file work-v3.txt (compact mmCIF, C-alpha atoms)
# COMPACT_ATOMS: atom_id res chain seq x y z
CA MET I 69 -65.11 7.04 15.78
CA GLY I 70 -64.57 10.38 17.46
CA VAL I 71 -61.34 12.23 17.99
CA ARG I 72 -61.37 11.46 21.70
CA ALA I 73 -61.71 7.77 21.05
CA ILE I 74 -58.82 7.81 18.62
CA ALA I 75 -56.68 9.72 21.11
CA ARG I 76 -57.59 7.20 23.84
CA LEU I 77 -56.63 4.29 21.62
CA ASP I 78 -53.38 6.03 20.72
CA ASP I 79 -52.56 6.51 24.41
CA GLU I 80 -53.40 2.90 25.13
CA ALA I 81 -51.16 1.74 22.27
CA ALA I 82 -48.32 3.91 23.52
CA GLY I 83 -48.81 2.53 27.02
CA LEU I 84 -48.74 -1.04 25.73
CA GLN I 85 -45.60 -0.26 23.76
CA ARG I 86 -43.91 1.19 26.83
CA SER I 87 -45.00 -1.79 28.89
CA LEU I 88 -43.72 -4.21 26.25
CA GLY I 89 -40.44 -2.30 25.99
CA SER I 90 -40.02 -2.32 29.75
CA MET I 91 -40.65 -6.06 29.84
CA ALA I 92 -38.15 -6.57 27.04
CA PHE I 93 -35.55 -4.49 28.87
CA GLN I 94 -36.11 -6.49 32.05
CA GLU I 95 -35.70 -9.73 30.12
CA VAL I 96 -32.32 -8.58 28.80
CA GLN I 97 -31.37 -7.23 32.21
CA ARG I 98 -32.10 -10.64 33.81
CA GLY I 99 -30.03 -12.28 31.08
CA PHE I 100 -26.72 -10.85 32.37
CA ASP I 101 -25.31 -11.02 35.86
CA ALA I 102 -23.44 -8.20 37.64
CA GLN I 103 -20.16 -9.26 35.98
CA GLY I 104 -21.69 -9.06 32.51
CA LEU I 105 -21.78 -12.83 32.01
CA LEU I 106 -24.65 -14.31 29.98
CA VAL I 107 -26.98 -16.26 32.28
CA GLY I 108 -30.26 -16.07 30.36
CA ASP I 109 -31.71 -17.60 27.20
CA ALA I 110 -30.02 -15.85 24.26
CA GLU I 111 -32.88 -16.62 21.87
CA LEU I 112 -35.49 -15.24 24.25
CA MET I 113 -33.36 -12.13 24.81
CA HIS I 114 -33.02 -11.71 21.04
CA GLN I 115 -36.83 -11.75 20.67
CA ALA I 116 -37.13 -9.24 23.50
CA CYS I 117 -34.70 -6.94 21.72
CA LEU I 118 -36.76 -7.14 18.55
CA CYS I 119 -39.81 -6.08 20.54
CA CYS I 120 -38.13 -2.88 21.74
CA ALA I 121 -36.29 -2.06 18.50
CA GLY I 122 -36.62 1.58 17.56
CA THR I 123 -37.82 2.67 21.01
CA GLU I 124 -36.16 4.31 23.97
CA GLU I 125 -35.76 0.85 25.47
CA GLN I 126 -33.32 -0.06 22.68
CA THR I 127 -31.03 2.71 23.89
CA ARG I 128 -31.45 1.51 27.48
CA VAL I 129 -30.52 -2.02 26.47
CA LYS I 130 -27.40 -0.80 24.70
CA ASP I 131 -26.43 1.36 27.65
CA LEU I 132 -27.00 -1.55 30.04
CA TYR I 133 -24.92 -4.02 28.07
CA CYS I 134 -22.01 -1.65 27.42
CA GLU I 135 -21.97 -0.49 31.05
CA LEU I 136 -21.84 -4.09 32.27
CA GLN I 137 -19.05 -5.05 29.88
CA LEU I 138 -16.96 -1.92 30.54
CA ARG I 139 -17.37 -2.07 34.31
CA ALA I 140 -14.38 -4.39 34.63
CA TYR I 141 -12.36 -2.22 32.23
CA VAL I 142 -12.89 0.89 34.34
CA ALA I 143 -11.99 -1.05 37.48
CA ILE I 144 -8.79 -2.52 36.02
CA PHE I 145 -7.49 0.62 34.32
CA GLN I 146 -8.10 3.08 37.11
CA ILE I 147 -6.56 6.48 36.49
CA GLY I 148 -3.35 6.82 38.48
CA ASP I 149 -2.49 3.12 38.54
CA ASP I 150 0.60 1.91 36.69
CA VAL I 151 -1.47 -0.25 34.35
CA SER I 152 -3.31 2.85 33.09
CA GLN I 153 -0.16 4.75 32.04
CA LEU I 154 0.80 5.46 28.44
CA GLU I 155 3.39 2.72 28.26
CA ASN I 156 0.63 0.17 28.91
CA VAL I 157 -1.89 1.44 26.38
CA SER I 158 -1.54 -1.70 24.27
CA ARG I 159 -2.96 -3.68 27.19
CA ARG I 160 -6.16 -1.65 26.91
CA TYR I 161 -6.67 -2.69 23.31
CA ALA I 162 -5.78 -6.29 24.11
CA TRP I 163 -8.51 -6.21 26.77
CA LEU I 164 -11.12 -5.06 24.22
CA ARG I 165 -10.08 -7.77 21.77
CA ARG I 166 -10.79 -10.40 24.43
CA ILE I 167 -14.17 -8.83 25.19
CA LEU I 168 -15.13 -8.72 21.50
CA ARG I 169 -14.07 -12.34 21.08
CA ASN I 170 -16.29 -13.27 24.01
CA TYR I 171 -19.13 -11.20 22.53
CA ALA I 172 -18.86 -12.96 19.17
CA GLU I 173 -18.76 -16.40 20.76
CA GLU I 174 -21.44 -16.02 23.46
CA HIS I 175 -23.34 -12.71 23.46
CA ALA I 176 -23.95 -11.92 19.80
CA PRO I 177 -26.99 -14.27 19.47
CA ALA I 178 -28.76 -12.20 22.13
CA PHE I 179 -28.87 -9.07 19.97
CA PRO I 180 -30.17 -8.30 16.46
CA ASP I 181 -27.38 -7.89 13.89
CA ALA I 182 -28.81 -4.51 12.91
CA TRP I 183 -27.94 -3.18 16.36
CA ARG I 184 -24.19 -3.61 15.65
CA MET I 185 -23.65 -4.22 19.34
CA GLY I 186 -19.98 -5.15 18.93
CA GLU I 187 -19.33 -1.85 17.18
CA GLU I 188 -21.33 0.02 19.82
CA LEU I 189 -19.30 -1.59 22.59
CA SER I 190 -16.06 -0.70 20.81
CA ARG I 191 -17.17 2.89 20.36
CA ARG I 192 -18.08 3.25 24.06
CA PHE I 193 -14.70 1.72 24.90
CA ALA I 194 -12.96 4.24 22.63
CA HIS I 195 -14.69 7.19 24.27
CA THR I 196 -13.85 5.91 27.76
CA THR I 197 -10.24 5.30 26.76
CA ARG I 198 -9.98 8.76 25.23
CA ASP I 199 -11.14 10.34 28.49
CA HIS I 200 -8.77 8.16 30.53
CA LEU I 201 -5.76 9.02 28.41
CA SER I 202 -6.60 12.71 28.35
CA GLU I 203 -6.71 12.83 32.13
CA THR I 204 -3.57 10.72 32.46
CA MET I 205 -1.55 12.97 30.14
CA ALA I 206 -2.86 16.09 31.82
CA THR I 207 -1.72 14.97 35.27
CA ARG I 208 1.57 13.14 34.61
CA ASP I 209 4.91 14.02 33.04
CA ILE I 210 5.00 12.61 29.52
CA ASP I 211 7.90 10.63 28.15
CA VAL I 212 8.21 11.25 24.42
CA GLY I 213 9.01 7.60 23.72
CA HIS I 214 5.94 6.41 25.58
CA LEU I 215 3.84 9.08 23.88
CA THR I 216 4.79 8.11 20.35
CA ALA I 217 4.50 4.38 21.05
CA ALA I 218 1.07 4.81 22.63
CA LEU I 219 -0.14 6.97 19.76
CA ALA I 220 1.12 4.44 17.22
CA ASP I 221 -0.75 1.66 19.03
CA THR I 222 -3.86 3.84 19.17
CA LEU I 223 -3.80 4.66 15.47
CA ALA I 224 -3.41 0.97 14.68
CA PHE I 225 -6.37 0.19 16.95
CA GLU I 226 -8.59 2.76 15.21
CA ALA I 227 -7.68 1.41 11.77
CA GLN I 228 -8.37 -2.15 12.94
CA CYS I 229 -11.81 -1.14 14.23
CA ASP I 230 -12.75 0.43 10.91
CA LYS I 231 -11.63 -2.72 9.12
CA LYS I 232 -13.38 -5.05 11.57
CA PHE I 233 -16.72 -3.27 11.28
CA GLY I 234 -16.51 -2.68 7.52
CA ILE I 235 -16.17 1.11 7.64
CA VAL I 236 -14.50 2.68 4.60
CA GLN I 237 -14.03 6.14 3.11
CA ARG I 238 -15.90 7.00 -0.08
CA ASN I 239 -15.90 10.48 -1.57
CA GLY I 240 -14.53 11.86 1.66
CA ALA I 241 -17.24 10.32 3.87
CA ALA I 242 -17.31 7.24 6.10
CA VAL I 243 -19.76 4.54 5.01
CA TYR I 244 -20.39 0.86 5.61
CA GLU I 245 -18.71 -1.05 2.81
CA SER I 246 -21.48 -3.62 2.54
CA SER I 247 -24.44 -1.24 2.25
CA GLY I 248 -23.02 2.21 1.56
CA ALA I 249 -24.99 3.58 4.52
CA PRO I 250 -23.40 6.45 6.45
CA ALA I 251 -21.05 5.38 9.24
CA GLU I 252 -18.84 6.97 11.87
CA SER I 253 -15.16 6.19 11.45
CA PHE I 254 -13.13 5.20 14.48
CA VAL I 255 -10.20 7.25 13.21
CA GLY I 256 -9.57 10.01 15.72
CA SER I 257 -11.93 8.60 18.31
CA VAL I 258 -9.05 7.96 20.75
CA SER I 259 -6.04 9.53 19.03
CA CYS I 260 -7.58 13.00 19.31
CA ALA I 261 -6.58 12.87 22.98
CA PHE I 262 -2.92 12.96 21.97
CA GLU I 263 -3.06 16.05 19.75
CA PRO I 264 -2.68 18.63 22.57
CA TYR I 265 0.43 16.80 23.77
CA MET I 266 2.23 16.32 20.46
CA ALA I 267 4.29 19.37 21.45
CA VAL I 268 6.25 16.91 23.60
CA PHE I 269 7.19 14.97 20.46
CA ILE I 270 8.08 18.17 18.61
CA SER I 271 10.22 19.39 21.51
CA GLY I 272 12.01 16.07 21.58
CA GLU I 273 12.75 16.25 17.86
CA GLN I 274 13.93 19.84 18.17
CA ALA I 275 16.31 18.92 21.01
CA LYS I 276 17.63 16.02 18.93
CA PHE I 277 18.40 18.21 15.93
CA GLU I 278 19.99 20.90 18.08
CA ALA I 279 22.28 18.26 19.56
CA LEU I 280 23.11 17.01 16.06
CA VAL I 281 24.08 20.48 14.87
CA ARG I 282 26.27 20.98 17.93
CA ARG I 283 27.99 17.67 17.29
CA PHE I 284 28.54 18.47 13.63
CA ARG I 285 30.13 21.77 14.61
CA SER I 286 32.51 20.19 17.12
CA GLU I 287 33.21 17.11 14.98
CA PRO I 288 33.31 18.29 11.35
CA GLY I 289 33.77 14.77 10.01
CA ASP I 290 34.57 13.75 6.45
CA ASP I 291 32.92 14.48 3.13
CA ASP I 292 30.55 12.20 1.29
CA PRO I 293 32.50 11.24 -1.87
CA SER I 294 29.36 10.07 -3.69
CA LEU I 295 27.80 13.56 -3.49
CA ASN I 296 30.88 15.75 -2.98
CA VAL I 297 29.30 17.24 0.14
CA LEU I 298 29.94 17.13 3.88
CA ALA I 299 28.74 13.82 5.30
CA SER I 300 27.01 15.68 8.13
CA SER I 301 24.47 17.06 5.64
CA THR I 302 23.38 13.62 4.46
CA ASP I 303 23.14 12.51 8.09
CA LEU I 304 20.99 15.51 9.02
CA LEU I 305 18.65 15.07 6.05
CA TYR I 306 18.32 11.36 6.78
CA GLN I 307 17.24 12.22 10.32
CA PHE I 308 14.72 14.68 8.85
CA ARG I 309 13.22 11.96 6.66
CA GLU I 310 12.98 9.52 9.55
CA SER I 311 11.37 12.14 11.78
CA LEU I 312 8.85 13.04 9.07
CA ARG I 313 8.03 9.38 8.49
CA GLN I 314 7.36 8.91 12.19
CA CYS I 315 5.29 12.08 12.44
CA ALA I 316 3.24 11.18 9.35
CA ALA I 317 2.34 7.90 11.03
CA LEU I 318 1.20 9.79 14.13
CA SER I 319 -0.34 13.04 12.93
CA THR I 320 -0.77 15.12 9.78
CA GLY I 321 -2.18 18.01 11.76
CA GLN I 322 -0.54 20.87 13.64
CA ALA I 323 2.25 18.61 14.82
CA MET I 324 3.47 18.11 11.26
CA ALA I 325 3.33 21.83 10.54
CA ASP I 326 5.31 22.45 13.73
CA LEU I 327 7.83 19.79 12.73
CA ALA I 328 8.34 21.56 9.41
CA GLN I 329 9.27 24.70 11.34
CA VAL I 330 11.76 22.65 13.37
CA PHE I 331 13.32 21.33 10.14
CA ALA I 332 13.60 24.85 8.71
CA GLN I 333 15.14 26.22 11.90
CA SER I 334 17.58 23.30 12.11
CA LEU I 335 18.71 23.85 8.52
CA SER I 336 19.28 27.54 9.23
CA ASN I 337 21.31 26.67 12.32
CA TYR I 338 23.26 24.09 10.33
CA ALA I 339 24.08 26.67 7.65
CA ARG I 340 25.29 29.23 10.16
CA SER I 341 26.86 27.06 12.86
CA VAL I 342 28.35 24.25 10.78
CA LEU I 343 28.82 25.31 7.17
CA VAL I 344 30.03 28.87 7.68
CA HIS I 345 32.07 27.71 10.67
CA ALA I 346 33.73 25.05 8.49
CA LEU I 347 35.03 27.57 5.96
CA PRO I 348 38.84 27.76 5.92
CA ARG I 349 40.71 30.93 6.85
CA ILE I 350 43.45 31.15 4.22
CA SER I 351 46.41 33.45 4.60
CA SER I 352 49.72 33.88 2.82
CA THR I 353 51.27 31.52 5.39
CA THR I 354 48.76 28.68 4.89
CA THR I 355 50.78 25.54 4.16
CA ALA I 356 48.26 23.79 1.87
CA PRO I 357 46.09 26.53 0.37
CA LEU I 358 44.67 24.36 -2.42
CA ASP I 359 43.34 21.84 0.12
CA ALA I 360 41.73 24.72 1.97
CA LEU I 361 40.13 25.89 -1.29
CA ARG I 362 38.73 22.40 -1.85
CA ARG I 363 37.20 22.61 1.60
CA ALA I 364 35.50 25.89 0.70
CA CYS I 365 34.11 24.28 -2.45
CA LEU I 366 32.84 21.37 -0.37
CA VAL I 367 30.96 23.77 1.90
CA ALA I 368 29.39 25.51 -1.12
CA ASN I 369 28.34 22.15 -2.56
CA THR I 370 26.86 21.11 0.77
CA ALA I 371 24.82 24.30 1.10
CA ASP I 372 23.53 23.88 -2.46
CA TYR I 373 22.65 20.23 -1.80
CA CYS I 374 20.80 21.18 1.39
CA ALA I 375 18.91 23.96 -0.39
CA SER I 376 17.74 21.54 -3.07
CA ALA I 377 16.77 18.94 -0.45
CA ALA I 378 14.93 21.61 1.55
CA ALA I 379 12.76 22.47 -1.47
CA GLN I 380 11.88 18.79 -1.94
CA LEU I 381 11.20 18.34 1.78
CA GLU I 382 8.96 21.41 1.82
CA GLN I 383 6.90 20.07 -1.08
CA LYS I 384 6.63 16.64 0.50
CA ILE I 385 5.34 18.07 3.78
CA ILE I 386 2.85 20.30 1.96
CA GLU I 387 1.47 17.19 0.24
CA LYS I 388 1.12 15.32 3.55
CA VAL I 389 -0.07 17.98 6.01
CA ASP I 390 -3.75 18.80 6.46
CA GLY I 391 -5.00 21.36 3.93
CA PRO I 392 -5.62 24.35 6.24
CA LEU I 393 -2.07 24.08 7.61
CA ARG I 394 -0.21 24.12 4.31
CA GLU I 395 0.41 27.86 4.39
CA GLN I 396 2.40 27.38 7.60
CA VAL I 397 4.96 25.19 5.83
CA THR I 398 7.83 27.27 4.47
CA PHE I 399 11.59 26.82 4.25
CA ALA I 400 12.25 30.31 2.90
CA ALA I 401 14.40 31.38 5.87
CA SER I 402 16.52 28.23 5.72
CA ARG I 403 17.06 28.60 1.97
CA GLU I 404 18.18 32.19 2.57
CA ALA I 405 20.63 31.00 5.24
CA LEU I 406 21.98 28.32 2.91
CA LEU I 407 22.35 30.82 0.07
CA SER I 408 24.26 33.05 2.47
CA ALA I 409 26.54 30.10 3.27
CA ILE I 410 27.15 29.60 -0.46
CA ASN I 411 28.05 33.27 -0.88
CA SER I 412 30.38 33.01 2.12
CA SER I 413 31.99 29.96 0.52
CA ILE I 414 32.58 31.80 -2.75
CA GLY I 415 33.94 34.69 -0.73
CA ALA I 416 36.33 32.31 1.07
CA LEU I 417 37.47 30.95 -2.29
CA VAL I 418 38.19 34.42 -3.64
CA GLY I 419 39.79 35.43 -0.36
CA GLY I 420 41.99 32.35 -0.55
CA VAL I 421 43.22 33.27 -4.02
CA ASP I 422 43.77 36.82 -2.80
CA ALA I 423 45.95 35.47 0.02
CA MET I 424 47.91 33.30 -2.42
CA CYS I 425 48.54 36.39 -4.57
CA ALA I 426 49.48 38.61 -1.62
CA PRO I 427 53.28 37.98 -1.77
CA ALA I 428 53.33 38.78 -5.49
CA LEU I 429 51.32 41.98 -5.00
CA ALA I 430 53.63 42.96 -2.14
CA ALA I 431 56.57 42.46 -4.51
CA LEU I 432 54.85 44.79 -7.00
CA THR I 433 54.51 47.51 -4.38
CA ASP I 434 58.09 47.15 -3.14
CA ALA I 435 59.71 47.03 -6.60
CA PRO I 436 61.90 50.07 -7.54
CA TRP I 437 59.78 51.21 -10.48
CA HIS I 438 61.65 54.51 -10.64
CA ASP I 439 64.86 52.67 -11.57
CA VAL I 440 63.47 50.56 -14.45
CA GLN I 441 65.56 51.22 -17.52
CA THR I 442 63.91 49.03 -20.18
CA VAL I 443 60.56 47.44 -20.89
CA GLY I 444 60.84 43.68 -21.13
CA ASP I 445 58.56 40.66 -20.80
CA GLN I 446 55.93 40.54 -18.07
CA SER I 447 57.31 40.89 -14.58
CA GLU I 448 57.89 37.96 -12.26
CA TYR I 449 55.07 39.02 -9.94
CA VAL I 450 52.63 38.58 -12.84
CA LEU I 451 53.84 35.01 -13.30
CA LEU I 452 53.32 34.37 -9.59
CA ILE I 453 49.80 35.82 -9.67
CA ALA I 454 48.94 33.87 -12.82
CA SER I 455 50.23 30.65 -11.26
CA ALA I 456 48.14 31.17 -8.12
CA ILE I 457 44.99 32.05 -10.09
CA GLU I 458 45.32 29.11 -12.47
CA ALA I 459 45.96 26.61 -9.66
CA ALA I 460 43.03 27.90 -7.59
CA THR I 461 40.70 28.06 -10.57
CA SER I 462 41.50 24.48 -11.55
CA VAL I 463 40.44 23.41 -8.05
CA ALA I 464 37.23 25.50 -8.21
CA ARG I 465 36.32 24.26 -11.69
CA VAL I 466 36.60 20.61 -10.65
CA SER I 467 35.29 20.90 -7.10
CA LEU I 468 32.30 23.24 -7.38
CA SER I 469 29.18 21.24 -8.28
CA GLY I 470 27.16 24.12 -9.75
CA PRO I 471 28.25 26.00 -12.91
CA ARG I 472 26.55 29.15 -11.65
CA TYR I 473 28.73 29.09 -8.56
CA PHE I 474 31.88 28.74 -10.62
CA ARG I 475 30.78 31.69 -12.71
CA SER I 476 30.16 33.69 -9.54
CA TYR I 477 33.63 32.77 -8.35
CA CYS I 478 35.16 33.93 -11.63
CA ASP I 479 33.34 37.28 -11.57
CA LYS I 480 34.22 37.99 -7.96
CA LEU I 481 37.82 36.88 -8.49
CA ALA I 482 38.30 39.22 -11.46
CA SER I 483 36.86 42.10 -9.45
CA ARG I 484 38.99 41.35 -6.37
CA ILE I 485 42.29 40.89 -8.23
CA SER I 486 41.72 44.02 -10.32
CA GLU I 487 41.00 46.01 -7.17
CA ARG I 488 44.01 44.60 -5.34
CA TYR I 489 46.24 45.23 -8.35
CA MET I 490 45.16 48.87 -8.57
CA THR I 491 45.67 49.31 -4.83
CA ALA I 492 49.17 47.85 -5.08
CA ILE I 493 50.09 50.27 -7.89
CA VAL I 494 48.74 53.24 -5.94
CA GLN I 495 50.94 52.24 -3.02
CA CYS I 496 54.10 52.34 -5.15
CA LYS I 497 56.32 55.25 -4.02
CA ARG I 498 57.71 56.46 -7.33
CA ILE I 499 57.19 55.25 -10.89
CA SER I 500 59.29 56.37 -13.86
CA GLU I 501 57.90 56.64 -17.37
CA ILE I 502 59.58 53.37 -18.39
CA GLY I 503 58.35 51.78 -15.16
CA ALA I 504 54.82 52.88 -16.04
CA GLU I 505 55.16 51.28 -19.47
CA GLN I 506 56.27 48.03 -17.81
CA LEU I 507 53.28 48.18 -15.45
CA LEU I 508 50.99 48.73 -18.41
CA LEU I 509 52.45 45.66 -20.10
CA ASP I 510 51.99 43.70 -16.86
CA ALA I 511 48.38 44.90 -16.62
CA GLN I 512 47.64 43.57 -20.10
CA ALA I 513 49.23 40.24 -19.20
CA LEU I 514 47.21 40.04 -15.99
CA LYS I 515 44.03 40.91 -17.90
CA SER I 516 44.73 38.02 -20.26
CA VAL I 517 45.09 35.70 -17.28
CA LEU I 518 41.74 36.81 -15.84
CA LEU I 519 39.99 36.49 -19.19
CA ARG I 520 41.14 32.88 -19.41
CA VAL I 521 39.67 32.03 -16.04
CA PRO I 522 36.05 31.21 -17.09

call {"tool": "encode", "arguments": {"input": "work-v3.txt", "output": "structure tokens"}}
result
Amino acid sequence: MGVRAIARLDDEAAGLQRSLGSMAFQEVQRGFDAQGLLVGDAELMHQACLCCAGTEEQTRVKDLYCELQLRAYVAIFQIGDDVSQLENVSRRYAWLRRILRNYAEEHAPAFPDAWRMGEELSRRFAHTTRDHLSETMATRDIDVGHLTAALADTLAFEAQCDKKFGIVQRNGAAVYESSGAPAESFVGSVSCAFEPYMAVFISGEQAKFEALVRRFRSEPGDDDPSLNVLASSTDLLYQFRESLRQCAALSTGQAMADLAQVFAQSLSNYARSVLVHALPRISSTTTAPLDALRRACLVANTADYCASAAAQLEQKIIEKVDGPLREQVTFAASREALLSAINSSIGALVGGVDAMCAPALAALTDAPWHDVQTVGDQSEYVLLIASAIEAATSVARVSLSGPRYFRSYCDKLASRISERYMTAIVQCKRISEIGAEQLLLDAQALKSVLLRVP
């Protein structure tokens, strides 16, 4: 047989195949009416589908069936109608569930199982829904509550589709659980439409935390006795955890990285606007200086607690966020702000002790050191300074949660009192030789007091 004969036979076979495929398509086409209802013989349609399997007509059959079934969906959920808005997205998925139930009960026998027509219909539905939602969000103001609820419903829908059609993840790839053949996961098929608008969610969370910080500043509230910190800090961190939990259920992409930045900024604002603002201003006329010192210790403890929680929160977000975005997650600035608040707290403590010692140091300066006739025991002002230091240090030792902060307090206190003592002596008008000897004795006594502080 010559080449031309073989080519002619090949053309004839291709023509017969096209003719058979066209007849098969027409058989399926006659089997459904304009509303997508089955009116033909399902078994005959099944045989027709087998005849056109693997040809262009198979694609035409799939397109025909999906277009017929989704025609009502497009008509019901027209863009711009109330039913198509975000708050009604669950109704879209309920509609598909009814269609799939009808497919399983009536239409499935008309198609070969290998065609996975139910999955194909669901995938076409997902793509149509994605386009609808994208256009809706692009043309309407978005309510953050509706956005998050719709996204949660969408993510649940995608997970349900994967489960329904036996699609699982193995070694980082989607496959059919039954055969291990490659598959296309539904995850992200609709939810990707929400990603450009997650900034609305982030803005809402940022506004919420800004309002919280303002409220904490205007209403300081009580401390949390179980942690020896300001109760506002536990409230803020709880809100962080809830926000992260909600975001993790919606997106682990850029939205989560942006939320981490909101957390870090909110902690910095909390440190500056609430903690530093809450520090007491102690003077020599303060009626309850020890209570004020306890408040300063409470602020230091709170800043330390927040810094520790920030490190844990940072690590948790890094574990959850998508790999390429991990470098964007950092709480370095907030930790620096919290450390600054701790230093301010220690400074307030030392300043408070300084204020408590001020009357005694004033007495030192005003004493007539040129008239001292004998050297006796330590002067009364030393006893007053020692009493103030010991009382304040007892409060700091019990109230400060971190040993390193108590040590910092001790070092700064010794430096401050020594400096103030030297300044007070310099300000004395005249000092006799015996008066100088008394001051030297007082200096040794004061040194002993400071050495006992740690």

call {"tool": "residues_around", "arguments": {"input": "work-v3.txt", "residues": "I:Cys496", "least_positions_apart": "3", "cutoff": "9 Å", "atoms": "all atoms listed in the file", "output": "PyMOL selection string"}}
result
chain I and resi 432-437+491-493+499

call {"tool": "residues_around", "arguments": {"input": "work-v3.txt", "residues": "stretch 234-246 of chain I", "least_positions_apart": "6", "cutoff": "12 Å", "atoms": "only C-alpha atoms", "output": "list in words"}}
result
Arg184, Glu187, Glu226, Ala227, Gln228, Glu252, Ser253, Phe254 and Val255 of chain I

call {"tool": "atom_distance", "arguments": {"input": "work-v3.txt", "atom1": "atom CA of I:Asp510", "atom2": "atom CA of I:Arg484"}}
result
16.9 Å

call {"tool": "atom_distance", "arguments": {"input": "work-v3.txt", "atom1": "atom CA of I:Ile270", "atom2": "atom CA of I:Phe193"}}
result
28.8 Å

call {"tool": "closest_residue", "arguments": {"input": "work-v3.txt", "among": "I:Leu312, I:Val342, I:Met424, I:Met266", "to": "I:Leu381", "atoms": "only C-alpha atoms"}}
result
I:Leu312

call {"tool": "build_atoms", "arguments": {"input": "work-v3.txt", "residues": "stretch 298-309 of chain I", "atoms": "N, CA and C atoms", "output": "PDB file, in the coordinates of the input"}}
result
ATOM      1  N   LEU I 298      29.611  17.558   2.522  1.00  0.00           N
ATOM      2  CA  LEU I 298      29.940  17.130   3.880  1.00  0.00           C
ATOM      3  C   LEU I 298      28.994  16.002   4.296  1.00  0.00           C
ATOM      4  N   ALA I 299      29.561  14.969   4.892  1.00  0.00           N
ATOM      5  CA  ALA I 299      28.740  13.820   5.300  1.00  0.00           C
ATOM      6  C   ALA I 299      27.698  14.217   6.341  1.00  0.00           C
ATOM      7  N   SER I 300      27.976  15.259   7.107  1.00  0.00           N
ATOM      8  CA  SER I 300      27.010  15.680   8.130  1.00  0.00           C
ATOM      9  C   SER I 300      25.681  16.099   7.505  1.00  0.00           C
ATOM     10  N   SER I 301      25.719  16.630   6.285  1.00  0.00           N
ATOM     11  CA  SER I 301      24.470  17.060   5.640  1.00  0.00           C
ATOM     12  C   SER I 301      23.588  15.870   5.292  1.00  0.00           C
ATOM     13  N   THR I 302      24.175  14.806   4.792  1.00  0.00           N
ATOM     14  CA  THR I 302      23.380  13.620   4.460  1.00  0.00           C
ATOM     15  C   THR I 302      22.822  12.984   5.729  1.00  0.00           C
ATOM     16  N   ASP I 303      23.609  13.043   6.803  1.00  0.00           N
ATOM     17  CA  ASP I 303      23.140  12.510   8.090  1.00  0.00           C
ATOM     18  C   ASP I 303      21.959  13.314   8.597  1.00  0.00           C
ATOM     19  N   LEU I 304      22.069  14.642   8.549  1.00  0.00           N
ATOM     20  CA  LEU I 304      20.990  15.510   9.020  1.00  0.00           C
ATOM     21  C   LEU I 304      19.715  15.296   8.217  1.00  0.00           C
ATOM     22  N   LEU I 305      19.826  15.245   6.906  1.00  0.00           N
ATOM     23  CA  LEU I 305      18.650  15.070   6.050  1.00  0.00           C
ATOM     24  C   LEU I 305      18.031  13.693   6.233  1.00  0.00           C
ATOM     25  N   TYR I 306      18.852  12.696   6.488  1.00  0.00           N
ATOM     26  CA  TYR I 306      18.320  11.360   6.780  1.00  0.00           C
ATOM     27  C   TYR I 306      17.478  11.398   8.057  1.00  0.00           C
ATOM     28  N   GLN I 307      17.998  12.089   9.074  1.00  0.00           N
ATOM     29  CA  GLN I 307      17.240  12.220  10.320  1.00  0.00           C
ATOM     30  C   GLN I 307      15.933  12.967  10.098  1.00  0.00           C
ATOM     31  N   PHE I 308      15.948  13.971   9.212  1.00  0.00           N
ATOM     32  CA  PHE I 308      14.720  14.680   8.850  1.00  0.00           C
ATOM     33  C   PHE I 308      13.693  13.706   8.271  1.00  0.00           C
ATOM     34  N   ARG I 309      14.134  12.899   7.322  1.00  0.00           N
ATOM     35  CA  ARG I 309      13.220  11.960   6.660  1.00  0.00           C
ATOM     36  C   ARG I 309      12.631  10.963   7.656  1.00  0.00           C
TER      37      ARG I 309
END
